[in-house]
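work.csv follows (CSV, N, CA and C atoms):
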```csv
chain,number,residue,atom,x,y,z
A,21,MET,N,26.5,36.8,-2.6
A,21,MET,CA,25.2,36.4,-2.3
A,21,MET,C,24.6,35.4,-3.4
A,22,ALA,N,25.0,35.6,-4.6
A,22,ALA,CA,24.6,34.8,-5.7
A,22,ALA,C,25.1,33.4,-5.5
A,23,SER,N,26.3,33.2,-5.0
A,23,SER,CA,26.8,31.8,-4.8
A,23,SER,C,26.1,31.1,-3.6
A,24,LEU,N,25.7,31.9,-2.6
A,24,LEU,CA,24.9,31.3,-1.5
A,24,LEU,C,23.5,30.8,-2.0
A,25,THR,N,22.9,31.7,-2.8
A,25,THR,CA,21.6,31.4,-3.4
A,25,THR,C,21.7,30.2,-4.3
A,26,ALA,N,22.8,30.1,-5.1
A,26,ALA,CA,23.0,29.0,-6.0
A,26,ALA,C,23.2,27.7,-5.2
A,27,ARG,N,24.0,27.8,-4.2
A,27,ARG,CA,24.2,26.6,-3.3
A,27,ARG,C,22.9,26.1,-2.7
A,28,LEU,N,22.1,27.1,-2.2
A,28,LEU,CA,20.9,26.7,-1.6
A,28,LEU,C,19.9,26.1,-2.6
A,29,ALA,N,19.9,26.6,-3.8
A,29,ALA,CA,19.0,26.1,-4.8
A,29,ALA,C,19.4,24.7,-5.3
A,30,THR,N,20.7,24.3,-5.2
A,30,THR,CA,21.2,23.0,-5.6
A,30,THR,C,21.3,22.0,-4.5
A,31,TYR,N,21.1,22.5,-3.2
A,31,TYR,CA,21.3,21.6,-2.1
A,31,TYR,C,20.4,20.4,-2.1
A,32,PRO,N,19.1,20.5,-2.4
A,32,PRO,CA,18.3,19.3,-2.5
A,32,PRO,C,18.8,18.2,-3.5
A,33,LYS,N,19.3,18.7,-4.6
A,33,LYS,CA,19.8,17.7,-5.6
A,33,LYS,C,21.2,17.1,-5.2
A,34,THR,N,22.0,17.9,-4.6
A,34,THR,CA,23.3,17.5,-4.3
A,34,THR,C,23.4,16.7,-2.9
A,35,ASN,N,22.4,17.0,-2.1
A,35,ASN,CA,22.3,16.3,-0.7
A,35,ASN,C,20.9,15.9,-0.4
A,36,PRO,N,20.4,15.0,-1.3
A,36,PRO,CA,19.0,14.6,-1.1
A,36,PRO,C,18.6,14.0,0.3
A,37,PHE,N,19.5,13.2,0.8
A,37,PHE,CA,19.2,12.6,2.1
A,37,PHE,C,19.1,13.6,3.2
A,38,ASN,N,20.2,14.5,3.3
A,38,ASN,CA,20.2,15.5,4.3
A,38,ASN,C,19.0,16.5,4.2
A,39,PHE,N,18.7,16.8,2.9
A,39,PHE,CA,17.6,17.7,2.7
A,39,PHE,C,16.3,17.1,3.1
A,40,ASN,N,16.1,15.8,2.9
A,40,ASN,CA,14.9,15.1,3.3
A,40,ASN,C,14.8,15.0,4.8
A,41,LEU,N,15.9,14.9,5.5
A,41,LEU,CA,15.9,14.9,7.0
A,41,LEU,C,15.4,16.2,7.5
A,42,LEU,N,15.9,17.3,6.9
A,42,LEU,CA,15.5,18.7,7.3
A,42,LEU,C,14.0,18.9,7.0
A,43,VAL,N,13.6,18.6,5.8
A,43,VAL,CA,12.2,18.8,5.4
A,43,VAL,C,11.2,18.0,6.2
A,44,ALA,N,11.5,16.7,6.4
A,44,ALA,CA,10.7,15.8,7.2
A,44,ALA,C,10.5,16.3,8.6
A,45,THR,N,11.6,16.7,9.2
A,45,THR,CA,11.6,17.1,10.6
A,45,THR,C,10.8,18.4,10.7
A,46,ALA,N,11.1,19.4,9.9
A,46,ALA,CA,10.4,20.7,9.9
A,46,ALA,C,8.9,20.6,9.7
A,47,LYS,N,8.5,19.8,8.6
A,47,LYS,CA,7.1,19.7,8.3
A,47,LYS,C,6.3,18.9,9.3
A,48,THR,N,6.9,17.9,9.9
A,48,THR,CA,6.2,17.1,10.9
A,48,THR,C,6.0,17.9,12.1
A,49,SER,N,7.0,18.6,12.6
A,49,SER,CA,6.9,19.5,13.7
A,49,SER,C,5.9,20.6,13.5
A,50,ALA,N,6.0,21.2,12.3
A,50,ALA,CA,5.1,22.3,11.9
A,50,ALA,C,3.6,21.8,11.9
A,51,ALA,N,3.4,20.6,11.3
A,51,ALA,CA,2.0,20.1,11.3
A,51,ALA,C,1.4,19.9,12.7
A,52,ASP,N,2.3,19.5,13.6
A,52,ASP,CA,1.8,19.3,15.0
A,52,ASP,C,1.5,20.7,15.6
A,53,LEU,N,2.4,21.7,15.3
A,53,LEU,CA,2.1,23.0,15.9
A,53,LEU,C,0.8,23.6,15.3
A,54,VAL,N,0.6,23.4,14.1
A,54,VAL,CA,-0.7,23.9,13.5
A,54,VAL,C,-1.9,23.2,14.1
A,55,THR,N,-1.7,21.9,14.3
A,55,THR,CA,-2.8,21.2,14.9
A,55,THR,C,-3.1,21.6,16.3
A,56,GLN,N,-2.1,21.8,17.1
A,56,GLN,CA,-2.3,22.2,18.4
A,56,GLN,C,-2.9,23.6,18.5
A,57,THR,N,-2.4,24.6,17.7
A,57,THR,CA,-2.8,26.0,17.8
A,57,THR,C,-4.1,26.2,17.1
A,58,THR,N,-4.4,25.6,15.9
A,58,THR,CA,-5.5,25.9,15.1
A,58,THR,C,-6.7,24.9,15.3
A,59,VAL,N,-6.4,23.7,15.2
A,59,VAL,CA,-7.4,22.7,15.3
A,59,VAL,C,-7.9,22.5,16.8
A,60,GLU,N,-6.9,22.2,17.6
A,60,GLU,CA,-7.2,22.0,19.0
A,60,GLU,C,-7.4,23.2,19.9
A,61,ARG,N,-6.9,24.3,19.3
A,61,ARG,CA,-7.0,25.7,20.0
A,61,ARG,C,-6.4,25.6,21.4
A,62,LYS,N,-5.3,25.0,21.5
A,62,LYS,CA,-4.6,25.0,22.8
A,62,LYS,C,-4.0,26.3,23.2
A,63,SER,N,-4.1,26.7,24.4
A,63,SER,CA,-3.5,28.0,24.9
A,63,SER,C,-2.0,27.9,25.1
A,64,GLU,N,-1.5,26.7,25.3
A,64,GLU,CA,-0.1,26.4,25.5
A,64,GLU,C,0.3,25.3,24.6
A,65,ILE,N,1.5,25.4,24.0
A,65,ILE,CA,2.0,24.4,23.1
A,65,ILE,C,2.6,23.2,24.0
A,66,ASP,N,2.2,22.0,23.6
A,66,ASP,CA,2.8,20.8,24.3
A,66,ASP,C,4.1,20.5,23.6
A,67,TRP,N,5.2,21.0,24.1
A,67,TRP,CA,6.5,20.8,23.4
A,67,TRP,C,7.0,19.4,23.5
A,68,ARG,N,6.6,18.7,24.5
A,68,ARG,CA,6.9,17.2,24.6
A,68,ARG,C,6.3,16.5,23.5
A,69,ARG,N,5.0,16.7,23.2
A,69,ARG,CA,4.3,16.1,22.1
A,69,ARG,C,5.0,16.5,20.8
A,70,ASN,N,5.3,17.8,20.7
A,70,ASN,CA,5.9,18.3,19.4
A,70,ASN,C,7.2,17.6,19.2
A,71,ALA,N,8.0,17.4,20.3
A,71,ALA,CA,9.3,16.7,20.2
A,71,ALA,C,9.1,15.3,19.6
A,72,SER,N,8.0,14.6,20.1
A,72,SER,CA,7.8,13.3,19.6
A,72,SER,C,7.5,13.3,18.0
A,73,PHE,N,6.8,14.3,17.6
A,73,PHE,CA,6.6,14.4,16.1
A,73,PHE,C,7.9,14.8,15.4
A,74,ALA,N,8.7,15.7,16.0
A,74,ALA,CA,9.9,16.1,15.3
A,74,ALA,C,10.9,14.9,15.3
A,75,VAL,N,11.0,14.1,16.3
A,75,VAL,CA,11.9,12.9,16.3
A,75,VAL,C,11.4,11.9,15.3
A,76,PHE,N,10.1,11.6,15.3
A,76,PHE,CA,9.6,10.7,14.3
A,76,PHE,C,9.8,11.2,12.9
A,77,GLY,N,9.5,12.5,12.7
A,77,GLY,CA,9.7,13.1,11.4
A,77,GLY,C,11.2,12.9,10.9
A,78,CYS,N,12.1,13.2,11.8
A,78,CYS,CA,13.5,13.1,11.4
A,78,CYS,C,13.9,11.7,11.1
A,79,LEU,N,13.8,10.8,12.1
A,79,LEU,CA,14.3,9.5,12.1
A,79,LEU,C,13.6,8.6,11.1
A,80,TYR,N,12.2,8.6,11.2
A,80,TYR,CA,11.5,7.6,10.4
A,80,TYR,C,11.2,8.2,9.0
A,81,LEU,N,10.5,9.4,9.0
A,81,LEU,CA,10.1,9.9,7.7
A,81,LEU,C,11.3,10.4,6.9
A,82,GLY,N,12.2,11.1,7.6
A,82,GLY,CA,13.4,11.6,6.9
A,82,GLY,C,14.5,10.5,6.6
A,83,GLY,N,14.7,9.6,7.6
A,83,GLY,CA,15.7,8.6,7.4
A,83,GLY,C,15.3,7.3,6.9
A,84,PHE,N,14.5,6.5,7.7
A,84,PHE,CA,14.1,5.2,7.3
A,84,PHE,C,13.2,5.2,6.0
A,85,GLN,N,12.3,6.1,6.0
A,85,GLN,CA,11.3,6.1,4.8
A,85,GLN,C,12.1,6.5,3.5
A,86,TYR,N,13.0,7.4,3.7
A,86,TYR,CA,13.9,7.7,2.5
A,86,TYR,C,14.6,6.5,2.0
A,87,TRP,N,15.2,5.8,2.9
A,87,TRP,CA,16.0,4.6,2.6
A,87,TRP,C,15.0,3.6,1.9
A,88,LEU,N,13.9,3.4,2.5
A,88,LEU,CA,12.9,2.4,2.0
A,88,LEU,C,12.4,2.8,0.6
A,89,GLN,N,11.9,4.0,0.5
A,89,GLN,CA,11.2,4.4,-0.7
A,89,GLN,C,12.1,4.9,-1.8
A,90,VAL,N,13.3,5.1,-1.5
A,90,VAL,CA,14.3,5.5,-2.6
A,90,VAL,C,15.2,4.4,-2.9
A,91,ASN,N,15.9,3.9,-1.9
A,91,ASN,CA,16.9,2.9,-2.1
A,91,ASN,C,16.3,1.5,-2.4
A,92,MET,N,15.4,1.1,-1.5
A,92,MET,CA,14.9,-0.3,-1.6
A,92,MET,C,13.8,-0.4,-2.8
A,93,PHE,N,13.0,0.6,-2.9
A,93,PHE,CA,12.1,0.6,-4.0
A,93,PHE,C,12.8,0.5,-5.4
A,94,ARG,N,13.9,1.1,-5.5
A,94,ARG,CA,14.7,1.0,-6.8
A,94,ARG,C,15.1,-0.5,-7.0
A,95,ARG,N,15.4,-1.2,-6.0
A,95,ARG,CA,15.8,-2.6,-6.1
A,95,ARG,C,14.5,-3.5,-6.4
A,96,TRP,N,13.5,-3.2,-5.7
A,96,TRP,CA,12.3,-4.0,-5.7
A,96,TRP,C,11.4,-3.7,-6.9
A,97,PHE,N,11.4,-2.5,-7.4
A,97,PHE,CA,10.5,-2.1,-8.4
A,97,PHE,C,11.3,-1.5,-9.6
A,98,ALA,N,11.8,-2.4,-10.4
A,98,ALA,CA,12.6,-2.0,-11.6
A,98,ALA,C,11.9,-1.0,-12.5
A,99,GLY,N,12.6,0.0,-13.0
A,99,GLY,CA,12.0,1.0,-13.9
A,99,GLY,C,11.4,2.2,-13.2
A,100,MET,N,11.6,2.2,-11.9
A,100,MET,CA,11.0,3.4,-11.1
A,100,MET,C,11.5,4.7,-11.5
A,101,ASP,N,12.9,4.8,-11.7
A,101,ASP,CA,13.5,6.1,-12.1
A,101,ASP,C,13.0,6.5,-13.4
A,102,ARG,N,13.0,5.6,-14.4
A,102,ARG,CA,12.6,5.9,-15.7
A,102,ARG,C,11.1,6.4,-15.7
A,103,PHE,N,10.3,5.8,-15.0
A,103,PHE,CA,8.9,6.2,-15.0
A,103,PHE,C,8.7,7.6,-14.3
A,104,THR,N,9.4,7.9,-13.3
A,104,THR,CA,9.3,9.2,-12.6
A,104,THR,C,9.7,10.3,-13.5
A,105,LYS,N,10.5,10.1,-14.5
A,105,LYS,CA,11.0,11.2,-15.4
A,105,LYS,C,10.1,11.4,-16.6
A,106,LEU,N,9.1,10.6,-16.7
A,106,LEU,CA,8.1,10.8,-17.8
A,106,LEU,C,7.1,11.9,-17.5
A,107,SER,N,6.6,12.5,-18.6
A,107,SER,CA,5.5,13.5,-18.4
A,107,SER,C,4.2,12.7,-18.0
A,108,LEU,N,3.2,13.5,-17.5
A,108,LEU,CA,2.0,12.8,-17.1
A,108,LEU,C,1.3,12.0,-18.2
A,109,GLY,N,1.3,12.6,-19.4
A,109,GLY,CA,0.7,11.9,-20.5
A,109,GLY,C,1.5,10.7,-20.9
A,110,GLU,N,2.8,10.7,-20.8
A,110,GLU,CA,3.6,9.5,-21.1
A,110,GLU,C,3.3,8.4,-20.0
A,111,LYS,N,3.2,8.9,-18.8
A,111,LYS,CA,3.0,7.9,-17.7
A,111,LYS,C,1.6,7.2,-17.9
A,112,LEU,N,0.6,8.0,-18.3
A,112,LEU,CA,-0.7,7.4,-18.5
A,112,LEU,C,-0.7,6.3,-19.6
A,113,ARG,N,0.2,6.4,-20.5
A,113,ARG,CA,0.3,5.5,-21.6
A,113,ARG,C,1.3,4.3,-21.4
A,114,ASP,N,2.0,4.4,-20.2
A,114,ASP,CA,3.0,3.4,-19.9
A,114,ASP,C,2.4,2.3,-19.0
A,115,GLY,N,1.9,1.2,-19.6
A,115,GLY,CA,1.3,0.1,-18.9
A,115,GLY,C,2.2,-0.5,-17.9
A,116,PRO,N,3.4,-0.9,-18.2
A,116,PRO,CA,4.3,-1.5,-17.3
A,116,PRO,C,4.7,-0.5,-16.1
A,117,GLY,N,4.9,0.7,-16.5
A,117,GLY,CA,5.2,1.7,-15.4
A,117,GLY,C,4.0,1.9,-14.5
A,118,LEU,N,2.8,1.9,-15.0
A,118,LEU,CA,1.6,2.1,-14.1
A,118,LEU,C,1.5,0.8,-13.2
A,119,ARG,N,1.8,-0.4,-13.7
A,119,ARG,CA,1.7,-1.6,-12.9
A,119,ARG,C,2.7,-1.5,-11.8
A,120,THR,N,3.9,-1.1,-12.1
A,120,THR,CA,4.9,-0.9,-11.1
A,120,THR,C,4.5,0.1,-10.0
A,121,ALA,N,4.0,1.2,-10.5
A,121,ALA,CA,3.5,2.2,-9.5
A,121,ALA,C,2.4,1.7,-8.6
A,122,LEU,N,1.5,0.9,-9.2
A,122,LEU,CA,0.4,0.2,-8.4
A,122,LEU,C,1.0,-0.8,-7.4
A,123,LYS,N,2.1,-1.5,-7.7
A,123,LYS,CA,2.8,-2.4,-6.8
A,123,LYS,C,3.4,-1.6,-5.7
A,124,GLN,N,4.0,-0.4,-6.0
A,124,GLN,CA,4.5,0.4,-4.9
A,124,GLN,C,3.5,0.9,-4.0
A,125,ILE,N,2.4,1.3,-4.5
A,125,ILE,CA,1.2,1.8,-3.7
A,125,ILE,C,0.7,0.6,-2.8
A,126,GLY,N,0.6,-0.5,-3.4
A,126,GLY,CA,0.1,-1.7,-2.7
A,126,GLY,C,1.1,-2.0,-1.5
A,127,PHE,N,2.4,-2.0,-1.8
A,127,PHE,CA,3.3,-2.3,-0.7
A,127,PHE,C,3.2,-1.2,0.4
A,128,ASP,N,3.1,0.0,0.0
A,128,ASP,CA,3.0,1.1,1.0
A,128,ASP,C,1.7,0.9,1.8
A,129,CYS,N,0.6,0.7,1.2
A,129,CYS,CA,-0.7,0.6,1.9
A,129,CYS,C,-0.9,-0.6,2.8
A,130,PHE,N,-0.4,-1.8,2.2
A,130,PHE,CA,-0.7,-3.0,2.9
A,130,PHE,C,0.4,-3.7,3.7
A,131,ILE,N,1.6,-3.2,3.5
A,131,ILE,CA,2.8,-3.8,4.2
A,131,ILE,C,3.5,-2.7,5.0
A,132,HIS,N,3.9,-1.6,4.4
A,132,HIS,CA,4.7,-0.6,5.1
A,132,HIS,C,3.8,0.1,6.2
A,133,LEU,N,2.7,0.7,5.8
A,133,LEU,CA,1.9,1.4,6.8
A,133,LEU,C,1.5,0.6,8.0
A,134,PRO,N,0.8,-0.6,7.8
A,134,PRO,CA,0.3,-1.3,9.0
A,134,PRO,C,1.4,-2.0,9.8
A,135,PHE,N,2.5,-2.4,9.2
A,135,PHE,CA,3.5,-3.2,9.9
A,135,PHE,C,4.8,-2.5,10.2
A,136,MET,N,5.0,-1.3,9.6
A,136,MET,CA,6.2,-0.6,9.9
A,136,MET,C,5.9,0.8,10.5
A,137,TYR,N,5.1,1.6,9.7
A,137,TYR,CA,4.9,3.0,10.0
A,137,TYR,C,4.2,3.2,11.3
A,138,TYR,N,3.0,2.6,11.4
A,138,TYR,CA,2.2,2.9,12.6
A,138,TYR,C,2.8,2.3,13.9
A,139,PRO,N,3.3,1.1,13.9
A,139,PRO,CA,4.0,0.6,15.1
A,139,PRO,C,5.2,1.5,15.5
A,140,THR,N,6.0,1.9,14.5
A,140,THR,CA,7.1,2.8,14.8
A,140,THR,C,6.7,4.1,15.4
A,141,PHE,N,5.6,4.7,14.8
A,141,PHE,CA,5.1,6.0,15.3
A,141,PHE,C,4.8,5.9,16.8
A,142,TYR,N,4.0,4.9,17.1
A,142,TYR,CA,3.5,4.8,18.5
A,142,TYR,C,4.7,4.4,19.5
A,143,ILE,N,5.7,3.7,19.0
A,143,ILE,CA,6.8,3.4,19.9
A,143,ILE,C,7.6,4.7,20.1
A,144,VAL,N,7.8,5.5,19.1
A,144,VAL,CA,8.6,6.7,19.3
A,144,VAL,C,7.8,7.7,20.1
A,145,LYS,N,6.5,7.8,19.9
A,145,LYS,CA,5.6,8.6,20.7
A,145,LYS,C,5.7,8.2,22.2
A,146,GLN,N,5.6,6.9,22.5
A,146,GLN,CA,5.7,6.4,23.8
A,146,GLN,C,7.0,6.7,24.5
A,147,ALA,N,8.1,6.5,23.7
A,147,ALA,CA,9.5,6.8,24.2
A,147,ALA,C,9.7,8.2,24.5
A,148,VAL,N,9.3,9.1,23.6
A,148,VAL,CA,9.6,10.5,23.8
A,148,VAL,C,8.7,11.1,24.8
A,149,GLN,N,7.4,10.8,24.9
A,149,GLN,CA,6.5,11.4,25.8
A,149,GLN,C,6.6,10.7,27.2
A,150,GLY,N,7.2,9.5,27.3
A,150,GLY,CA,7.5,8.9,28.5
A,150,GLY,C,6.3,8.4,29.3
A,151,GLU,N,5.2,8.1,28.6
A,151,GLU,CA,4.0,7.6,29.3
A,151,GLU,C,4.1,6.1,29.3
A,152,PRO,N,3.7,5.5,30.4
A,152,PRO,CA,3.7,4.0,30.4
A,152,PRO,C,2.7,3.4,29.4
A,153,MET,N,3.1,2.2,28.9
A,153,MET,CA,2.2,1.6,27.9
A,153,MET,C,1.0,1.0,28.7
A,154,PRO,N,-0.2,1.3,28.2
A,154,PRO,CA,-1.4,0.8,28.8
A,154,PRO,C,-1.4,-0.7,28.8
A,155,PRO,N,-1.8,-1.4,29.9
A,155,PRO,CA,-1.8,-2.9,30.0
A,155,PRO,C,-2.5,-3.6,28.8
A,156,ASP,N,-3.6,-3.0,28.3
A,156,ASP,CA,-4.3,-3.7,27.3
A,156,ASP,C,-3.6,-3.6,25.9
A,157,ARG,N,-2.5,-2.9,25.8
A,157,ARG,CA,-1.7,-2.8,24.6
A,157,ARG,C,-0.4,-3.4,24.6
A,158,VAL,N,-0.1,-4.1,25.7
A,158,VAL,CA,1.3,-4.7,25.8
A,158,VAL,C,1.2,-6.1,25.2
```

Render the structure in this file as structure tokens.
Amino acid sequence: MASLTARLATYPKTNPFNFNLLVATAKTSAADLVTQTTVERKSEIDWRRNASFAVFGCLYLGGFQYWLQVNMFRRWFAGMDRFTKLSLGEKLRDGPGLRTALKQIGFDCFIHLPFMYYPTFYIVKQAVQGEPMPPDRV
């Protein structure tokens, strides 16, 4: 049992991409289930809707976004790994690291979200739920 526990404990570090796929899928599906049952107080779960969230969570959040924010950010924003390993106090005193972090935030807010994330979400939602695209959005 100890070896299974040890393997589970090291799995995120030894398999970060696979772990990210699992976490992104589970948390996105779970978030929709909580929304449906608690916020919307639905008497029945809309599993088709939940599937659209699970697919989006796995493919986009778990796959593409991992590639973008881990692999590509390392290329585009030099020093990212060094900065993430610093303590909070060291980060607050690291001017170049803070500027790089602000560039990452700017890219995420002004390029990634409006031009990649939201369009992809609605395309996946449309594809999984199978509803026709309203004419005013084509």

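Considering all atoms listed in the file, the residue among A:Ala50, A:Leu118, A:Leu28, A:Leu41 positioned nearest to Leu81 (chain A) is A:Leu41.
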
Distance in Å - CA of Ile125 (chain A) versus CA of Asn91 (chain A): 15.8 Å

For Gln124 (chain A): contacts at 8 Å, all atoms listed in the file, fewer than 5 positions along chain excluded, given as a PyMOL selection string: chain A and resi 93+97+118-119+129-130

Which of chain A DSSP labels helix (DSSP H, G or I), written as a PyMOL selection string: chain A and resi 22-34+36-59+67-96+100-104+108-113+115-149+155-157

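Our summary of the geometry notes that atom N of Leu79 (chain A) is positioned 12.1 Å from atom N of Thr140 (chain A).
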
Keeping all heavy atoms, write region 30-40 of chain A of the structure just shown out as a CSV table (one decimal), in the first residue's frame.
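out-v2.csv, freshly written:
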```
chain,number,residue,atom,x,y,z
A,30,THR,N,3.5,11.1,-6.2
A,30,THR,CA,4.5,11.6,-7.1
A,30,THR,C,3.9,11.7,-8.5
A,30,THR,O,4.5,12.3,-9.4
A,30,THR,CB,5.7,10.7,-7.2
A,30,THR,OG1,5.4,9.4,-7.6
A,30,THR,CG2,6.4,10.7,-5.8
A,31,TYR,N,2.7,11.2,-8.8
A,31,TYR,CA,2.1,11.2,-10.1
A,31,TYR,C,2.0,12.6,-10.7
A,31,TYR,O,2.4,12.8,-11.9
A,31,TYR,CB,0.7,10.6,-10.1
A,31,TYR,CG,0.2,10.4,-11.5
A,31,TYR,CD1,0.6,9.3,-12.3
A,31,TYR,CD2,-0.8,11.3,-12.0
A,31,TYR,CE1,0.1,9.2,-13.6
A,31,TYR,CE2,-1.3,11.1,-13.3
A,31,TYR,CZ,-0.8,10.1,-14.1
A,31,TYR,OH,-1.3,9.9,-15.3
A,32,PRO,N,1.6,13.6,-10.0
A,32,PRO,CA,1.5,15.0,-10.6
A,32,PRO,C,2.9,15.5,-11.1
A,32,PRO,O,3.0,16.1,-12.1
A,32,PRO,CB,1.0,15.9,-9.5
A,32,PRO,CG,0.3,14.9,-8.6
A,32,PRO,CD,1.0,13.6,-8.6
A,33,LYS,N,3.9,15.2,-10.4
A,33,LYS,CA,5.3,15.6,-10.7
A,33,LYS,C,5.8,14.8,-11.9
A,33,LYS,O,6.5,15.4,-12.8
A,33,LYS,CB,6.2,15.6,-9.5
A,33,LYS,CG,7.5,16.3,-9.8
A,33,LYS,CD,8.1,16.9,-8.5
A,33,LYS,CE,9.3,17.6,-8.7
A,33,LYS,NZ,9.1,19.0,-8.9
A,34,THR,N,5.6,13.5,-11.9
A,34,THR,CA,6.2,12.7,-12.9
A,34,THR,C,5.3,12.6,-14.2
A,34,THR,O,5.8,12.3,-15.3
A,34,THR,CB,6.3,11.2,-12.4
A,34,THR,OG1,5.1,10.7,-12.0
A,34,THR,CG2,7.3,11.2,-11.3
A,35,ASN,N,4.0,13.0,-14.1
A,35,ASN,CA,3.1,13.0,-15.3
A,35,ASN,C,2.3,14.3,-15.3
A,35,ASN,O,1.1,14.2,-15.2
A,35,ASN,CB,2.2,11.8,-15.2
A,35,ASN,CG,3.0,10.5,-15.3
A,35,ASN,OD1,3.4,10.1,-16.3
A,35,ASN,ND2,3.1,9.8,-14.1
A,36,PRO,N,2.9,15.4,-15.4
A,36,PRO,CA,2.2,16.7,-15.2
A,36,PRO,C,1.1,16.9,-16.2
A,36,PRO,O,0.0,17.4,-15.9
A,36,PRO,CB,3.2,17.8,-15.3
A,36,PRO,CG,4.4,17.1,-16.0
A,36,PRO,CD,4.3,15.7,-15.6
A,37,PHE,N,1.3,16.5,-17.5
A,37,PHE,CA,0.3,16.7,-18.5
A,37,PHE,C,-0.9,15.8,-18.3
A,37,PHE,O,-2.0,16.3,-18.3
A,37,PHE,CB,0.9,16.4,-19.9
A,37,PHE,CG,-0.1,16.6,-21.0
A,37,PHE,CD1,-0.5,17.9,-21.4
A,37,PHE,CD2,-0.6,15.5,-21.7
A,37,PHE,CE1,-1.4,18.1,-22.4
A,37,PHE,CE2,-1.5,15.7,-22.7
A,37,PHE,CZ,-2.0,17.0,-23.1
A,38,ASN,N,-0.7,14.5,-18.0
A,38,ASN,CA,-1.8,13.6,-17.8
A,38,ASN,C,-2.6,14.0,-16.5
A,38,ASN,O,-3.8,14.0,-16.5
A,38,ASN,CB,-1.3,12.2,-17.6
A,38,ASN,CG,-0.8,11.6,-18.9
A,38,ASN,OD1,-1.1,12.1,-20.0
A,38,ASN,ND2,0.1,10.6,-18.8
A,39,PHE,N,-1.8,14.4,-15.5
A,39,PHE,CA,-2.5,14.8,-14.3
A,39,PHE,C,-3.3,16.1,-14.5
A,39,PHE,O,-4.5,16.2,-14.0
A,39,PHE,CB,-1.4,15.1,-13.2
A,39,PHE,CG,-2.0,15.5,-11.9
A,39,PHE,CD1,-2.7,14.6,-11.1
A,39,PHE,CD2,-2.0,16.8,-11.4
A,39,PHE,CE1,-3.2,15.0,-9.8
A,39,PHE,CE2,-2.5,17.2,-10.2
A,39,PHE,CZ,-3.2,16.3,-9.4
A,40,ASN,N,-2.8,17.0,-15.3
A,40,ASN,CA,-3.6,18.2,-15.7
A,40,ASN,C,-4.9,17.8,-16.4
A,40,ASN,O,-5.9,18.4,-16.2
A,40,ASN,CB,-2.7,19.2,-16.5
A,40,ASN,CG,-3.3,20.5,-16.5
A,40,ASN,OD1,-3.5,21.1,-15.4
A,40,ASN,ND2,-3.6,21.0,-17.7
```
